[in-house]
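One file, data.cif, carrying mmCIF, C-alpha atoms:
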data_input
#
loop_
_atom_site.label_atom_id
_atom_site.label_comp_id
_atom_site.auth_asym_id
_atom_site.auth_seq_id
_atom_site.Cartn_x
_atom_site.Cartn_y
_atom_site.Cartn_z
CA HIS A 233 98.77 115.08 -85.69
CA VAL A 234 100.55 114.48 -82.40
CA PHE A 235 98.22 115.33 -79.51
CA PRO A 236 100.55 116.22 -76.63
CA LEU A 237 97.74 116.51 -74.09
CA ARG A 238 96.17 113.09 -74.68
CA ALA A 239 96.87 111.88 -71.12
CA GLU A 240 95.61 115.07 -69.52
CA ASN A 241 92.47 115.08 -71.65
CA GLY A 242 91.39 111.88 -69.92
CA GLY A 243 90.94 114.01 -66.83
CA VAL A 244 88.27 116.04 -68.62
CA LEU A 245 85.82 113.16 -68.46
CA ARG A 246 86.81 112.20 -64.94
CA ARG A 247 86.16 115.74 -63.74
CA ALA A 248 82.83 116.11 -65.55
CA GLY A 249 79.88 116.33 -63.19
CA HIS A 250 76.27 115.42 -63.84
CA ASP A 251 75.38 119.02 -64.73
CA ALA A 252 77.92 119.09 -67.56
CA LEU A 253 75.97 116.36 -69.32
CA ALA A 254 72.38 116.90 -68.18
CA ARG A 255 71.98 120.67 -68.27
CA TYR A 256 71.75 122.97 -71.25
CA PRO A 257 74.94 124.98 -71.77
CA ASP A 258 75.23 128.74 -71.51
CA LEU A 259 73.80 130.58 -74.51
CA TYR A 260 77.22 131.69 -75.72
CA ALA A 261 79.66 129.62 -73.63
CA ASP A 262 80.44 132.25 -71.00
CA GLU A 263 83.01 130.05 -69.25
CA LEU A 264 84.91 129.50 -72.48
CA ARG A 265 84.65 133.19 -73.37
CA ALA A 266 86.10 134.23 -70.00
CA ALA A 267 88.90 131.66 -70.15
CA ALA A 268 89.89 132.59 -73.71
CA ALA A 269 89.86 136.30 -72.89
CA ALA A 270 92.05 135.74 -69.83
CA ARG A 271 94.48 133.59 -71.80
CA LEU A 272 94.85 136.15 -74.59
CA ARG A 273 94.53 139.19 -72.32
CA VAL A 274 91.70 140.75 -74.29
CA PRO A 275 88.22 141.95 -73.16
CA GLU A 276 85.58 139.22 -72.93
CA ALA A 277 83.35 141.24 -75.27
CA CYS A 278 85.90 140.61 -78.03
CA ILE A 279 85.43 136.82 -77.90
CA ALA A 280 82.85 134.89 -79.94
CA THR A 281 82.54 131.13 -79.43
CA GLY A 282 81.51 128.27 -81.66
CA CYS A 283 81.22 124.53 -82.21
CA GLY A 284 84.83 124.21 -83.37
CA SER A 285 86.58 126.85 -85.45
CA ASP A 286 84.64 125.59 -88.50
CA ASP A 287 81.50 127.01 -86.88
CA VAL A 288 83.28 130.29 -86.16
CA LEU A 289 84.42 130.51 -89.78
CA ASP A 290 80.92 129.69 -91.02
CA ALA A 291 79.38 132.41 -88.86
CA THR A 292 82.00 134.93 -89.99
CA TYR A 293 81.29 134.22 -93.67
CA ARG A 294 77.56 134.55 -93.03
CA ALA A 295 78.04 137.85 -91.18
CA CYS A 296 79.98 139.23 -94.15
CA GLY A 297 77.51 138.04 -96.81
CA GLY A 298 74.06 139.43 -97.39
CA SER A 299 74.10 140.30 -101.08
CA PRO A 300 74.60 138.38 -104.35
CA ALA A 301 77.64 140.54 -105.03
CA SER A 302 79.42 139.52 -101.83
CA PHE A 303 82.51 137.41 -102.31
CA VAL A 304 85.46 136.14 -100.31
CA ALA A 305 89.08 136.23 -101.47
CA VAL A 306 91.08 133.19 -100.38
CA ALA A 307 94.85 132.65 -100.51
CA VAL A 308 95.35 129.10 -101.87
CA PRO A 309 96.27 126.31 -101.40
CA THR A 310 94.74 126.35 -97.95
CA PHE A 311 92.23 124.80 -95.55
CA SER A 312 89.81 122.67 -97.60
CA ARG A 313 86.68 124.30 -96.15
CA ALA A 314 87.67 127.87 -96.99
CA LEU A 315 86.20 127.89 -100.50
CA PRO A 316 83.08 125.69 -99.90
CA LEU A 317 82.03 127.88 -96.96
CA ALA A 318 81.53 130.75 -99.38
CA GLN A 319 79.08 128.77 -101.52
CA MET A 320 77.28 127.49 -98.42
CA ASN A 321 76.65 131.09 -97.35
CA GLY A 322 75.54 132.41 -100.73
CA MET A 323 78.86 134.08 -101.52
CA ARG A 324 81.21 133.78 -104.45
CA ALA A 325 84.84 132.84 -103.89
CA ARG A 326 87.96 134.08 -105.63
CA ALA A 327 91.11 132.00 -105.20
CA VAL A 328 94.42 133.87 -105.22
CA PRO A 329 97.63 131.78 -105.39
CA TRP A 330 99.78 132.23 -102.30
CA SER A 331 102.77 133.16 -104.46
CA ASP A 332 100.83 136.10 -105.92
CA ALA A 333 99.40 137.15 -102.57
CA LEU A 334 102.79 137.11 -100.85
CA SER A 335 104.31 139.20 -103.64
CA ASP A 336 101.54 141.77 -103.35
CA PRO A 337 98.88 141.50 -100.59
CA GLU A 338 96.64 143.87 -102.53
CA ARG A 339 95.95 141.01 -104.95
CA LEU A 340 93.57 139.72 -102.26
CA LEU A 341 91.67 143.02 -102.31
CA GLU A 342 90.99 143.19 -106.05
CA GLY A 343 87.29 143.50 -106.86
CA SER A 344 86.40 144.71 -103.33
CA PRO A 345 85.69 141.45 -101.49
CA ALA A 346 83.53 141.43 -98.38
CA LEU A 347 85.92 139.03 -96.66
CA VAL A 348 89.57 137.98 -97.04
CA TYR A 349 90.53 134.56 -95.69
CA VAL A 350 94.15 133.89 -94.72
CA CYS A 351 95.26 130.73 -92.91
CA ARG A 352 98.35 131.49 -90.79
CA PRO A 353 100.20 129.16 -90.24
CA ASN A 354 98.81 127.79 -93.45
CA ASN A 355 97.12 124.41 -93.79
CA PRO A 356 98.37 122.24 -95.47
CA THR A 357 101.73 123.82 -96.32
CA GLY A 358 102.72 124.94 -92.82
CA GLY A 359 104.01 128.22 -94.23
CA LEU A 360 103.81 131.38 -92.11
CA ALA A 361 103.07 134.66 -93.85
CA PRO A 362 105.36 137.35 -92.36
CA SER A 363 103.88 139.68 -89.75
CA ALA A 364 104.84 142.66 -91.90
CA TRP A 365 102.85 141.14 -94.78
CA VAL A 366 99.73 140.89 -92.58
CA GLU A 367 100.17 144.50 -91.48
CA ALA A 368 100.53 145.57 -95.11
CA LEU A 369 97.31 143.72 -95.97
CA LEU A 370 95.44 145.45 -93.13
CA GLU A 371 96.84 148.82 -94.13
CA ALA A 372 95.78 148.32 -97.74
CA ALA A 373 92.32 147.14 -96.71
CA GLY A 374 91.73 150.23 -94.59
CA GLU A 375 88.99 150.79 -92.02
CA GLY A 376 86.28 150.76 -94.69
CA GLY A 377 87.55 147.67 -96.48
CA PRO A 378 86.82 143.97 -96.14
CA LEU A 379 87.09 141.99 -92.94
CA VAL A 380 90.39 140.10 -92.83
CA LEU A 381 89.95 136.67 -91.27
CA LEU A 382 93.16 135.14 -89.94
CA ASP A 383 92.70 131.44 -89.25
CA GLU A 384 95.17 130.59 -86.47
CA ALA A 385 94.17 126.95 -85.97
CA TYR A 386 97.83 125.90 -85.90
CA VAL A 387 99.40 128.88 -84.16
CA ASP A 388 100.07 126.84 -80.98
CA PHE A 389 102.66 124.89 -82.96
CA GLY A 390 104.65 128.00 -83.85
CA GLY A 391 104.47 131.55 -85.08
CA ASP A 392 103.23 134.82 -83.62
CA THR A 393 99.56 135.58 -83.04
CA PHE A 394 97.49 138.59 -84.06
CA ALA A 395 94.86 137.94 -81.38
CA ALA A 396 95.64 141.04 -79.31
CA ARG A 397 95.78 143.14 -82.46
CA ALA A 398 92.35 141.87 -83.52
CA ALA A 399 90.74 143.04 -80.28
CA ASP A 400 91.20 146.70 -81.21
CA HIS A 401 91.22 146.56 -85.02
CA PRO A 402 87.89 147.23 -86.76
CA ARG A 403 88.58 144.97 -89.78
CA LEU A 404 90.48 142.00 -88.32
CA LEU A 405 89.18 138.74 -86.86
CA VAL A 406 91.36 135.88 -85.59
CA SER A 407 89.87 132.39 -85.27
CA ARG A 408 91.27 129.73 -82.93
CA THR A 409 90.54 126.10 -82.05
CA LEU A 410 91.27 123.51 -79.38
CA SER A 411 91.15 120.68 -81.92
CA LYS A 412 94.85 120.72 -82.82
CA ALA A 413 97.49 121.24 -80.13
CA PHE A 414 94.95 120.75 -77.31
CA GLY A 415 93.62 117.51 -78.84
CA LEU A 416 89.92 118.26 -78.22
CA ALA A 417 88.65 117.76 -81.78
CA GLY A 418 85.84 115.52 -80.56
CA LEU A 419 84.45 118.16 -78.19
CA ARG A 420 84.32 120.87 -80.90
CA VAL A 421 85.65 124.01 -79.22
CA GLY A 422 86.37 127.12 -81.26
CA TYR A 423 86.47 130.86 -80.66
CA SER A 424 87.43 134.10 -82.32
CA VAL A 425 88.89 137.46 -81.31
CA ALA A 426 87.75 140.70 -82.90
CA ALA A 427 86.71 144.22 -82.00
CA THR A 428 83.48 144.13 -79.99
CA PRO A 429 81.10 145.19 -82.82
CA THR A 430 82.55 142.50 -85.10
CA ALA A 431 82.40 139.85 -82.37
CA LEU A 432 78.73 140.65 -81.80
CA GLU A 433 77.91 140.27 -85.50
CA VAL A 434 79.66 136.90 -85.63
CA GLU A 435 77.86 135.78 -82.48
CA LYS A 436 74.48 136.75 -83.94
CA SER A 437 75.26 134.81 -87.11
CA SER A 438 76.25 131.73 -85.15
CA GLY A 439 73.32 131.40 -82.76
CA PRO A 440 73.18 130.04 -79.19
CA TYR A 441 74.04 126.74 -77.49
CA LYS A 442 76.91 125.88 -79.83
CA VAL A 443 79.40 124.81 -77.14
CA SER A 444 78.41 122.12 -74.64
CA ARG A 445 78.96 122.67 -70.93
CA LEU A 446 81.46 119.78 -70.92
CA ALA A 447 83.43 121.31 -73.79
CA ALA A 448 83.54 124.76 -72.18
CA GLU A 449 84.69 123.33 -68.86
CA ALA A 450 87.38 121.25 -70.57
CA ALA A 451 88.70 124.26 -72.46
CA ALA A 452 88.82 126.44 -69.35
CA TRP A 453 90.62 123.71 -67.42
CA LEU A 454 93.27 123.17 -70.10
CA PHE A 455 93.80 126.90 -70.54
CA ALA A 456 94.45 127.16 -66.80
CA LEU A 457 96.89 124.25 -66.89
CA HIS A 458 98.86 125.67 -69.83
CA PRO A 459 98.78 129.48 -69.61
CA ALA A 460 102.03 129.87 -71.54
CA GLY A 461 101.39 127.38 -74.33
CA ILE A 462 101.93 123.68 -74.92
CA ALA A 463 105.50 122.41 -75.04
CA GLY A 464 104.40 119.17 -76.74
CA ALA A 465 103.14 121.13 -79.73
CA ARG A 466 106.69 122.12 -80.56
CA THR A 467 107.64 118.42 -80.45
CA ALA A 468 105.10 117.77 -83.18
CA ARG A 469 106.64 120.54 -85.25
CA ARG A 470 110.13 119.06 -84.86
CA LYS A 471 108.86 115.62 -85.90
CA ASN A 472 107.26 117.16 -88.97
CA SER A 473 110.53 118.86 -89.95
CA ALA A 474 112.50 115.65 -89.39
CA GLY A 475 110.06 113.69 -91.55
CA THR A 476 110.32 116.21 -94.37
CA ALA A 477 114.13 116.06 -94.22
CA TRP A 478 114.02 112.24 -94.39
CA LEU A 479 111.75 112.29 -97.45
CA LYS A 480 114.18 114.63 -99.16
CA VAL A 481 117.17 112.41 -98.34
CA VAL A 482 115.55 109.27 -99.75
CA SER A 483 114.41 111.27 -102.80
CA VAL A 484 110.82 110.14 -102.45
CA MET A 485 109.54 113.70 -102.36
CA THR A 486 110.83 117.20 -102.58
CA ALA A 487 110.89 119.44 -99.51
CA PRO A 488 108.41 122.33 -99.19
CA GLU A 489 109.60 125.69 -100.43
CA ARG A 490 109.08 127.10 -96.92
CA PRO A 491 109.70 125.39 -93.57
CA SER A 492 106.59 124.27 -91.74
CA THR A 493 105.48 126.33 -88.76
CA ALA A 494 102.62 123.96 -87.91
CA SER A 495 102.06 120.25 -87.40
CA THR A 496 101.38 119.93 -91.13
CA GLY A 497 103.59 120.24 -94.18
CA LEU A 498 103.19 119.98 -97.93
CA VAL A 499 105.51 117.75 -99.91
CA ILE A 500 105.38 117.17 -103.66
CA GLY A 501 105.71 113.65 -105.02
CA PRO A 502 107.58 112.76 -108.21
CA THR A 503 105.82 113.09 -111.53
CA VAL A 504 104.67 109.75 -112.90
CA ASN A 505 104.31 109.23 -116.61
CA SER A 506 101.43 106.81 -117.07
CA GLY A 507 101.85 106.68 -120.85
#
Do you think you could lay out the structure here as structure tokens?
Amino acid sequence: HVFPLRAENGGVLRRAGHDALARYPDLYADELRAAAAARLRVPEACIATGCGSDDVLDATYRACGGSPASFVAVAVPTFSRALPLAQMNGMRARAVPWSDALSDPERLLEGSPALVYVCRPNNPTGGLAPSAWVEALLEAAGEGGPLVLLDEAYVDFGGDTFAARAADHPRLLVSRTLSKAFGLAGLRVGYSVAATPTALEVEKSSGPYKVSRLAAEAAAWLFALHPAGIAGARTARRKNSAGTAWLKVVSVMTAPERPSTASTGLVIGPTVNSG
């Protein structure tokens, strides 16, 4: 990845006071919660925080489990942790090819899953499921259906967000991270947006003290510096597109079926006959 805020992130350590390192953090990262809510213009009660978005995903899976019959439907290929997290939380996983899911979102609802995982923009392909497709999935799921988890780890690189929608939708949760465009992977800062009852369940499943005081302060500072997004993230997206075009020209690989909306992209190498 290209981390456009690398120079600014050096200021995080320079600004850190003794308390940021020596004192226990807030139970549930109140400073991060307030900053994320202000950035996304949602109520603070709709924000749950975690030690990176992996922790938020883990807590969401755990909140949706609870019985041997619980399973998660996952549109694949996708983030490598999406399927293992189900097993780690005592759930089964059902993989649904993206091509099938895009043709009919109800394929993700077959068998009545407890949770539906969708990465948007997708990792590793960079593809962006249309907004209308997401709305159709939510409509089909209904208020009594599974929780739909939209992983927006790469949304800062391009694409629209469903964060505001999640704040008032009973069956939608959006997860976010500062590891990608903000370049804070080492500090592990993640959060989610959902209706207040859902956010509380995720928070209970996660437990306290997950975000250090230093990490919460760094996130709040960077949010304040970049209220409208990060211009450098779009540079990374352009570099990714240029690299894909070059690979196609030199015939080393074929271009993805869909343009990348993130800092990632999936290219397919030539078939090699080893016989």
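Evaluated on this file, the PyMOL selection byres ((chain A and resi 384) around 9) matches Val350, Cys351, Arg352, Pro353, Asn354, Leu382, Asp383, Ala385, Tyr386, Val387, Asp388, Thr393, Phe394, Ala395, Val406, Ser407, Arg408 and Thr409 of chain A.
With CA of Ala301 in chain A on one side and CA of Ala280 in chain A on the other, the separation reads 26.2 Å.
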What's the 7 Å shell around range 422-439 of chain A, counting all atoms listed in the file, without same-chain residues fewer than 3 positions away, as a JSON list (two decimals) with C-alpha atoms, keeping the file's coordinate frame?
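Full text of part.json as output:
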[["chain", "number", "residue", "atom", "x", "y", "z"],
["A", 277, "ALA", "CA", 83.35, 141.24, -75.27],
["A", 278, "CYS", "CA", 85.90, 140.61, -78.03],
["A", 279, "ILE", "CA", 85.43, 136.82, -77.90],
["A", 280, "ALA", "CA", 82.85, 134.89, -79.94],
["A", 281, "THR", "CA", 82.54, 131.13, -79.43],
["A", 282, "GLY", "CA", 81.51, 128.27, -81.66],
["A", 283, "CYS", "CA", 81.22, 124.53, -82.21],
["A", 284, "GLY", "CA", 84.83, 124.21, -83.37],
["A", 285, "SER", "CA", 86.58, 126.85, -85.45],
["A", 288, "VAL", "CA", 83.28, 130.29, -86.16],
["A", 291, "ALA", "CA", 79.38, 132.41, -88.86],
["A", 292, "THR", "CA", 82.00, 134.93, -89.99],
["A", 294, "ARG", "CA", 77.56, 134.55, -93.03],
["A", 295, "ALA", "CA", 78.04, 137.85, -91.18],
["A", 395, "ALA", "CA", 94.86, 137.94, -81.38],
["A", 398, "ALA", "CA", 92.35, 141.87, -83.52],
["A", 399, "ALA", "CA", 90.74, 143.04, -80.28],
["A", 400, "ASP", "CA", 91.20, 146.70, -81.21],
["A", 401, "HIS", "CA", 91.22, 146.56, -85.02],
["A", 402, "PRO", "CA", 87.89, 147.23, -86.76],
["A", 404, "LEU", "CA", 90.48, 142.00, -88.32],
["A", 405, "LEU", "CA", 89.18, 138.74, -86.86],
["A", 406, "VAL", "CA", 91.36, 135.88, -85.59],
["A", 407, "SER", "CA", 89.87, 132.39, -85.27],
["A", 408, "ARG", "CA", 91.27, 129.73, -82.93],
["A", 409, "THR", "CA", 90.54, 126.10, -82.05],
["A", 410, "LEU", "CA", 91.27, 123.51, -79.38]]
Give me the result of the PyMOL selection byres ((chain A and resi 302) around 9) on this file, residue by residue, as a list in words.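 Evaluating the PyMOL selection byres ((chain A and resi 302) around 9) on this file yields Cys296, Gly297, Gly298, Ser299, Pro300, Ala301, Phe303, Val304, Gly322, Met323, Arg324, Ala325, Ser344, Pro345, Ala346 and Leu347 of chain A.
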Quick check, in Å to one decimal: how far apart do CA of Pro257 in chain A and CA of Leu272 in chain A lie?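 According to the coordinates, CA of Pro257 in chain A and CA of Leu272 in chain A are separated by 23.0 Å.
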Evaluate the PyMOL selection byres ((chain A and resi 417) around 12) on the structure here and hand back the selected residues as number ranges by chain. A: 233, 235, 237-238, 241, 283-286, 385, 409-416, 418-422, 447, 450-451
Dump as a tab-separated table (two decimals), in the coordinates of the input, selection limited to C-alpha atoms:
chain	number	residue	atom	x	y	z
A	233	HIS	CA	98.77	115.08	-85.69
A	235	PHE	CA	98.22	115.33	-79.51
A	237	LEU	CA	97.74	116.51	-74.09
A	238	ARG	CA	96.17	113.09	-74.68
A	241	ASN	CA	92.47	115.08	-71.65
A	283	CYS	CA	81.22	124.53	-82.21
A	284	GLY	CA	84.83	124.21	-83.37
A	285	SER	CA	86.58	126.85	-85.45
A	286	ASP	CA	84.64	125.59	-88.50
A	385	ALA	CA	94.17	126.95	-85.97
A	409	THR	CA	90.54	126.10	-82.05
A	410	LEU	CA	91.27	123.51	-79.38
A	411	SER	CA	91.15	120.68	-81.92
A	412	LYS	CA	94.85	120.72	-82.82
A	413	ALA	CA	97.49	121.24	-80.13
A	414	PHE	CA	94.95	120.75	-77.31
A	415	GLY	CA	93.62	117.51	-78.84
A	416	LEU	CA	89.92	118.26	-78.22
A	418	GLY	CA	85.84	115.52	-80.56
A	419	LEU	CA	84.45	118.16	-78.19
A	420	ARG	CA	84.32	120.87	-80.90
A	421	VAL	CA	85.65	124.01	-79.22
A	422	GLY	CA	86.37	127.12	-81.26
A	447	ALA	CA	83.43	121.31	-73.79
A	450	ALA	CA	87.38	121.25	-70.57
A	451	ALA	CA	88.70	124.26	-72.46
Which distance in Å separates CA of Tyr260 in chain A and CA of Pro440 in chain A, to one decimal?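 Between CA of Tyr260 in chain A and CA of Pro440 in chain A the gap is 5.6 Å.
When all atoms listed in the file are used to measure the gap to Ala361 in chain A, the shortest distance among A:Leu341, A:Val328, A:Leu334, A:Val308 belongs to A:Leu334.
Within a radius of 12 Å around (99.2, 147.8, -96.2), the polymer residues are Asp336, Pro337, Glu338, Arg339, Leu340, Leu341, Ser363, Ala364, Trp365, Val366, Glu367, Ala368, Leu369, Leu370, Glu371, Ala372, Ala373, Gly374, Glu375 and Gly377 of chain A, counting all atoms listed in the file.
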Counting all atoms listed in the file, the residue of A:Tyr293, A:Leu315, A:Pro356, A:Leu454 that sits nearest Pro378 in chain A: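 Of A:Tyr293, A:Leu315, A:Pro356, A:Leu454, the one nearest Pro378 in chain A, counting all atoms listed in the file, is A:Tyr293.
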